[in-house]
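A short worksheet on the structure shown next.
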Amino acid sequence: MAEAQNSPTSGIAPAGGRPPVGSTTAGQIAVAAESTVATRMSAPPSFDVADFPVPHGREEEWRFTPLERLRGLHDGTAVATGEGVKVAVEAPEGVLVELVDRDDARLGRAGAPVDRVAAQAYSAFEKAGVVTVPKETVLTEPIRITVHGEGGVSYGHQVVELGAFAEAVVVIDHTGDAVLAANVDYVLGDGAKLTVVSVQDWDDKAVHVAQHNALVGRDATFKSVVVTFGGDLVRLHPRVTYAGPGAEAELFGLYFTDAGQHQEHRLLVDHNVPHCKSNVVYKGALQGEAAHAVWIGDVLIEAKAEGTDTYEMNRNLVLTDGARVDSVPNLEIETGEIVGAGHASATGRFDDEQLFYLMARGIPADEARRLVVRGFFAELVQQIGVDDIEERLLARIETELKATV
Amino acid sequence: MATLEIRDLHVTVEADNATKEILKGVDLTVKQGETHAIMGPNGSGKSTLAYSLAGHPKYTVTGGTVTLDGEDVLEMSVDERARAGLFLAMQYPVEVPGVSVSNFLRTSATAVRGEAPKLRTWVKEVKEAMERLNMDASFAERNVNEGFSGGEKKRHEILQLELLRPKVAILDETDSGLDVDALRIVSEGVNRVRETGEVGTLLITHYTRILRYIKPDFVHVFSGGRIVESGGAELADKLENEGYEAYAKLDGADTKGGVSA
Ligand SMILES: Nc1ncnc2c1ncn2[C@@H]1O[C@H](COP(=O)(O)OP(=O)(O)O)[C@@H](O)[C@H]1O
Ligand SMILES: [Mg+2]
């Protein structure tokens with residue numbers, strides 16, 4: 001596989017071979033006194049959409065996104081329709097499920113919107129969902145939130161809050177057709193453990209833009225699994241900040257970008273507290289004309305965040321001609337007193353020589369492709385740790401492969 | 001008895017927007033149980049012959065026929081050829097990231113044998129074959145050819161040869177880049193397969209060195225895209241002493257460089 005590699009130490013220039021046509025891998029480790037991760041955004045975070053100018057597309061945070069396909073989410077022209085999206089929550093006993101007004105004090109605590117669409121969502125939603133797992137409650141069954149698009153425009157807000165030492169798995173499923181912008185807050189109390197799986201299994205025309213804000217308490221463990229298959233345009237922005245030392249965040253992502261789809265995952269981990277860990281692993285496969293995957297991984301280690309241990313990785317597997325990957329890891333370090341910090345980005349191509357080699361051993365072409373893609377995702381899927389999700393993912397990957405090959 | 005018949009094979013490649021004829025009428029018959037050595041200078045078209053038989057898409061057959069037991073090989077896709085009993089040990093085996101050797105071998109054996117081998121006997125079969133080739137057990141968990149040394153790649157090719165039991169095995173410079181120990185281990189693997197009497201072997205090589213370990217029944221000199229002389233094992237001795245220079249006038253190929261090394 002021809003690989004564009006960016007190892008933790010090699011910095012900016014791709015080494016170890018030519019990247020496949022239509023891929024860019026940039027990346028840097030900056031040692032900076034002032035964060036460029038924050039200053040790169042065109043406006044400071046705000047809950048008010050009026051604080052953000054309408055993007056024109058050249059802004060750092062919008063330059064990869066085809067604005068014309070946002071269906072007006074970015075410029076105020078997308079007006080919410082009555083039955084845009086149906087949300088249902090299925091929760092085990094002991095979990096509090098509420099629908100609250102926008103003045104509820106629990107909203108927005110994990111972070112403010114950082115771009116125009118997130119602020120638009122915050123300014124426009126009607127009612128917010130709040131799911132609370134009381135302190136020390138350990139769930140054995142997942143909480144399931146299903147978000148089904150009915151073809152309209154919708155703005156949403158969802159809060160998932162775990163009290164101290166509570167443990168839960170939340171599965172959020174997105175299906176159907178919608179134009180949806182949303183903010184999702186995860187608030188973890190001290191020692192809490194939360195795994196969230198967000199599956200974007202949209203119909204072909206759907207547009208979904210969301211900011212995920214996690215505030216991870218002292219000694220708490222947050223695991224986010226983002227799985228994106230469907231939609232015309234999906235742009236997700238998972239963000240993590242820490243509320244106390246000893247906390248850990250794992251951000252896993254898996255995407256399968258087909259012809260014509262734009263799937264963009266932008267991550268930020270802000271090590272704003274000492275002695276916290278983060279581990280980011282995103283993997284994507286692309287196939288088909290104009291399939292476009294974008295991955296931005298921003299990790300900031302603030303001056304006060306001594307003892308930080310962080311690693312981020314993005315790998316892409318390009319299965320056919322015509323697909324494009326932009327992968328940009330950014331690691332910014334303001335203190336040298338850390339345990340570890342690294343990033344890697346690699347985009348490889350499943351090429352004709354690999355296909356020939358496998359076929360020359362009797363393996364038919366479609367099976368060869370399946371073998372490679374399954375192998376590519378296997379390790380990541382195993383780390384999800386939610387059995388029925390793992391099986392569903394593997395099955396979905398098979399379907400994706402059958403669709404185009 | 002399985003027979004591979006190559007008749008007047010012509011093959012071209014596209015290079016720099018031009019079509020270049022590489023094979024200019026190859027005739028060869030390989031029968032089960034026989035070992036044919038094909039020797040020739042660099043650039044004479046040996047790998048082109050090997051790849052064309054396996055069906056590599058870069059090579060276009062413009063004339064001639066290839067049959068295996070009367071079946072038209074050229075009509076078959078790459079995987080069909082392998083399942084029909086052709087095996088190519090490649091000069092430059094390809095890295096396949098993300099696919100473990102054990103998963104690859106089992107998928108391949110399942111395809112070629114037409115059914116999944118029974119897990120218990122399969123694990124034992126692979127383990128023993130790997131031990132015979134001096135391959136560490138940890139090999140099975142590595143990704144196909146990824147980070148393999150030259151010698152490891154060649155051993156991995158011969159491991160597949162032993163597990164897949166083809167009717168005709170084409171070994172393209174399996175000896176190149178091997179030290180003496182590795183050459184011996186790899187040759188022993190080839191000989192184990194030959195001794196079954198069930199495989200026809202087409203041993204492509206630049207050097208005579210491997211012929212000390214693997215005794216050919218026939219030796220063919222390849223030059224300028226065709227076989228220019230055929231004989232018994234003694235022809236290799238002549239090449240060892242005289243080099244390829246004698247054949248240089250027959251084509252413009254690079255005939256410099258020793259035959260024995
Ligand atoms: N895929 C290819 N594309 C372009 N030229 C090729 C290709 N394969 C072989 N050739 C050319 O064909 C000739 C024979 O090459 P090859 O079959 O590799 O010879 P050998 O294996 O005997 O060294 C060489 O001139 C080589 O450059
Ligand atoms: Mg060659």
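Going by the structure tokens order, chains are called A, B, ..., each with residues numbered from 1, while ligands are numbered from 1 in the order shown.
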
* To do: Name the residues, by chain letter and number, that sit within 10 Å of ligand 1 using only C-alpha atoms and all ligand atoms, and give them as an MDAnalysis selection string.
  => chainID B and resid 11:16 18:23 38:52 56:59 91 172:173 204:206 222:225 253:254

* To do: Write out as a list of chain:residue names the residues lying within 12 Å of B:Val193, counting only C-alpha atoms and excluding same-chain residues fewer than 3 positions away.
  => B:Gln32, B:Gly33, B:Glu34, B:Thr35, B:Ala129, B:Ile158, B:Leu159, B:Gln160, B:Leu161, B:Glu162, B:Leu163, B:Leu164, B:Arg165, B:Pro166, B:Lys167, B:Val168, B:Ala169, B:Val186, B:Ser187, B:Glu188, B:Gly189, B:Val190, B:Thr196, B:Gly197, B:Glu198, B:Val199, B:Gly200, B:Thr201, B:Ile214

* stretch 309-321 of chain A: which residues within 7 Å, counting only C-alpha atoms, same-chain residues fewer than 6 positions away excluded, as an MDAnalysis selection string? -> chainID A and resid 276:289 338:350

For the residues in the current selection, export C-alpha atoms as a PDB file, in the first residue's frame.
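Full text of part.pdb as output:
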ATOM      1  CA  CYS A 276      -5.231  13.412  31.922  1.00  0.00           C
ATOM      2  CA  LYS A 277      -5.084  11.030  29.003  1.00  0.00           C
ATOM      3  CA  SER A 278      -6.479  11.061  25.504  1.00  0.00           C
ATOM      4  CA  ASN A 279      -6.353   8.573  22.685  1.00  0.00           C
ATOM      5  CA  VAL A 280      -7.844   9.307  19.284  1.00  0.00           C
ATOM      6  CA  VAL A 281      -8.135   6.679  16.542  1.00  0.00           C
ATOM      7  CA  TYR A 282     -10.170   7.370  13.399  1.00  0.00           C
ATOM      8  CA  LYS A 283     -10.186   5.079  10.406  1.00  0.00           C
ATOM      9  CA  GLY A 284     -11.978   5.494   7.127  1.00  0.00           C
ATOM     10  CA  ALA A 285     -12.456   3.632   3.872  1.00  0.00           C
ATOM     11  CA  LEU A 286     -13.387   5.475   0.710  1.00  0.00           C
ATOM     12  CA  GLN A 287     -14.751   4.275  -2.579  1.00  0.00           C
ATOM     13  CA  GLY A 288     -16.315   5.862  -5.605  1.00  0.00           C
ATOM     14  CA  GLU A 289     -16.180   9.070  -7.591  1.00  0.00           C
ATOM     15  CA  ILE A 338       4.264  15.542  29.797  1.00  0.00           C
ATOM     16  CA  VAL A 339       4.189  11.750  29.715  1.00  0.00           C
ATOM     17  CA  GLY A 340       3.739  11.463  25.988  1.00  0.00           C
ATOM     18  CA  ALA A 341       2.333  13.138  22.923  1.00  0.00           C
ATOM     19  CA  GLY A 342       2.169  11.890  19.379  1.00  0.00           C
ATOM     20  CA  HIS A 343       0.185  11.903  16.212  1.00  0.00           C
ATOM     21  CA  ALA A 344       0.080   9.929  13.001  1.00  0.00           C
ATOM     22  CA  SER A 345      -1.812  10.161   9.779  1.00  0.00           C
ATOM     23  CA  ALA A 346      -1.594   7.758   6.891  1.00  0.00           C
ATOM     24  CA  THR A 347      -3.565   7.368   3.718  1.00  0.00           C
ATOM     25  CA  GLY A 348      -3.080   4.177   1.761  1.00  0.00           C
ATOM     26  CA  ARG A 349      -4.411   2.917  -1.462  1.00  0.00           C
ATOM     27  CA  PHE A 350      -5.746  -0.564  -2.108  1.00  0.00           C
TER      28      PHE A 350
END

DSSP on the backbone: which residues in stretch 173-369 of chain A end up as helix (DSSP H, G or I)? Give the answer as an mmCIF file with N, CA, C and O atoms, in the first residue's frame.
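Resulting contents of out.cif:
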data_model
loop_
_atom_site.group_PDB
_atom_site.id
_atom_site.type_symbol
_atom_site.label_atom_id
_atom_site.label_comp_id
_atom_site.auth_asym_id
_atom_site.auth_seq_id
_atom_site.Cartn_x
_atom_site.Cartn_y
_atom_site.Cartn_z
ATOM 1 N N ASP A 352 -3.946 -2.054 -7.522
ATOM 2 C CA ASP A 352 -4.089 -3.185 -8.422
ATOM 3 C C ASP A 352 -3.104 -4.302 -8.114
ATOM 4 O O ASP A 352 -3.394 -5.479 -8.334
ATOM 5 N N GLU A 353 -1.925 -3.925 -7.606
ATOM 6 C CA GLU A 353 -0.919 -4.958 -7.309
ATOM 7 C C GLU A 353 -1.368 -5.820 -6.130
ATOM 8 O O GLU A 353 -1.179 -7.034 -6.127
ATOM 9 N N GLN A 354 -1.955 -5.172 -5.121
ATOM 10 C CA GLN A 354 -2.473 -5.948 -3.984
ATOM 11 C C GLN A 354 -3.612 -6.849 -4.425
ATOM 12 O O GLN A 354 -3.692 -8.011 -4.030
ATOM 13 N N LEU A 355 -4.481 -6.290 -5.254
ATOM 14 C CA LEU A 355 -5.610 -7.072 -5.760
ATOM 15 C C LEU A 355 -5.090 -8.273 -6.558
ATOM 16 O O LEU A 355 -5.554 -9.406 -6.379
ATOM 17 N N PHE A 356 -4.109 -8.023 -7.401
ATOM 18 C CA PHE A 356 -3.544 -9.105 -8.207
ATOM 19 C C PHE A 356 -2.939 -10.196 -7.317
ATOM 20 O O PHE A 356 -3.153 -11.387 -7.532
ATOM 21 N N TYR A 357 -2.212 -9.768 -6.307
ATOM 22 C CA TYR A 357 -1.555 -10.742 -5.424
ATOM 23 C C TYR A 357 -2.580 -11.661 -4.761
ATOM 24 O O TYR A 357 -2.425 -12.878 -4.741
ATOM 25 N N LEU A 358 -3.647 -11.063 -4.241
ATOM 26 C CA LEU A 358 -4.669 -11.875 -3.568
ATOM 27 C C LEU A 358 -5.403 -12.766 -4.565
ATOM 28 O O LEU A 358 -5.670 -13.936 -4.288
ATOM 29 N N MET A 359 -5.702 -12.220 -5.744
ATOM 30 C CA MET A 359 -6.398 -13.027 -6.759
ATOM 31 C C MET A 359 -5.520 -14.158 -7.264
ATOM 32 O O MET A 359 -6.007 -15.246 -7.568
ATOM 33 N N ALA A 365 -12.092 -11.205 -6.690
ATOM 34 C CA ALA A 365 -11.852 -9.771 -6.479
ATOM 35 C C ALA A 365 -12.684 -9.187 -5.343
ATOM 36 O O ALA A 365 -12.170 -8.459 -4.496
ATOM 37 N N ASP A 366 -13.980 -9.506 -5.306
ATOM 38 C CA ASP A 366 -14.815 -8.881 -4.264
ATOM 39 C C ASP A 366 -14.406 -9.376 -2.877
ATOM 40 O O ASP A 366 -14.401 -8.630 -1.906
ATOM 41 N N GLU A 367 -14.037 -10.637 -2.821
ATOM 42 C CA GLU A 367 -13.614 -11.170 -1.527
ATOM 43 C C GLU A 367 -12.267 -10.579 -1.098
ATOM 44 O O GLU A 367 -12.029 -10.334 0.091
ATOM 45 N N ALA A 368 -11.411 -10.344 -2.073
ATOM 46 C CA ALA A 368 -10.107 -9.736 -1.773
ATOM 47 C C ALA A 368 -10.299 -8.361 -1.155
ATOM 48 O O ALA A 368 -9.675 -8.007 -0.160
ATOM 49 N N ARG A 369 -11.206 -7.594 -1.738
ATOM 50 C CA ARG A 369 -11.472 -6.254 -1.240
ATOM 51 C C ARG A 369 -12.053 -6.316 0.171
ATOM 52 O O ARG A 369 -11.703 -5.552 1.057
#

* A:Leu67 environment, 12 Å, only C-alpha atoms, sequence neighbours closer than 2 positions dropped, as a VMD selection string -> chain A and resid 54 to 59 61 to 65 69 to 75 116 to 117 207 209 233 to 235 262

* Residue neighbourhood A:Glu141, 8 Å, only C-alpha atoms, exclusion window fewer than 2 positions, as a PyMOL selection string -> chain A and resi 92+139+143+168-169
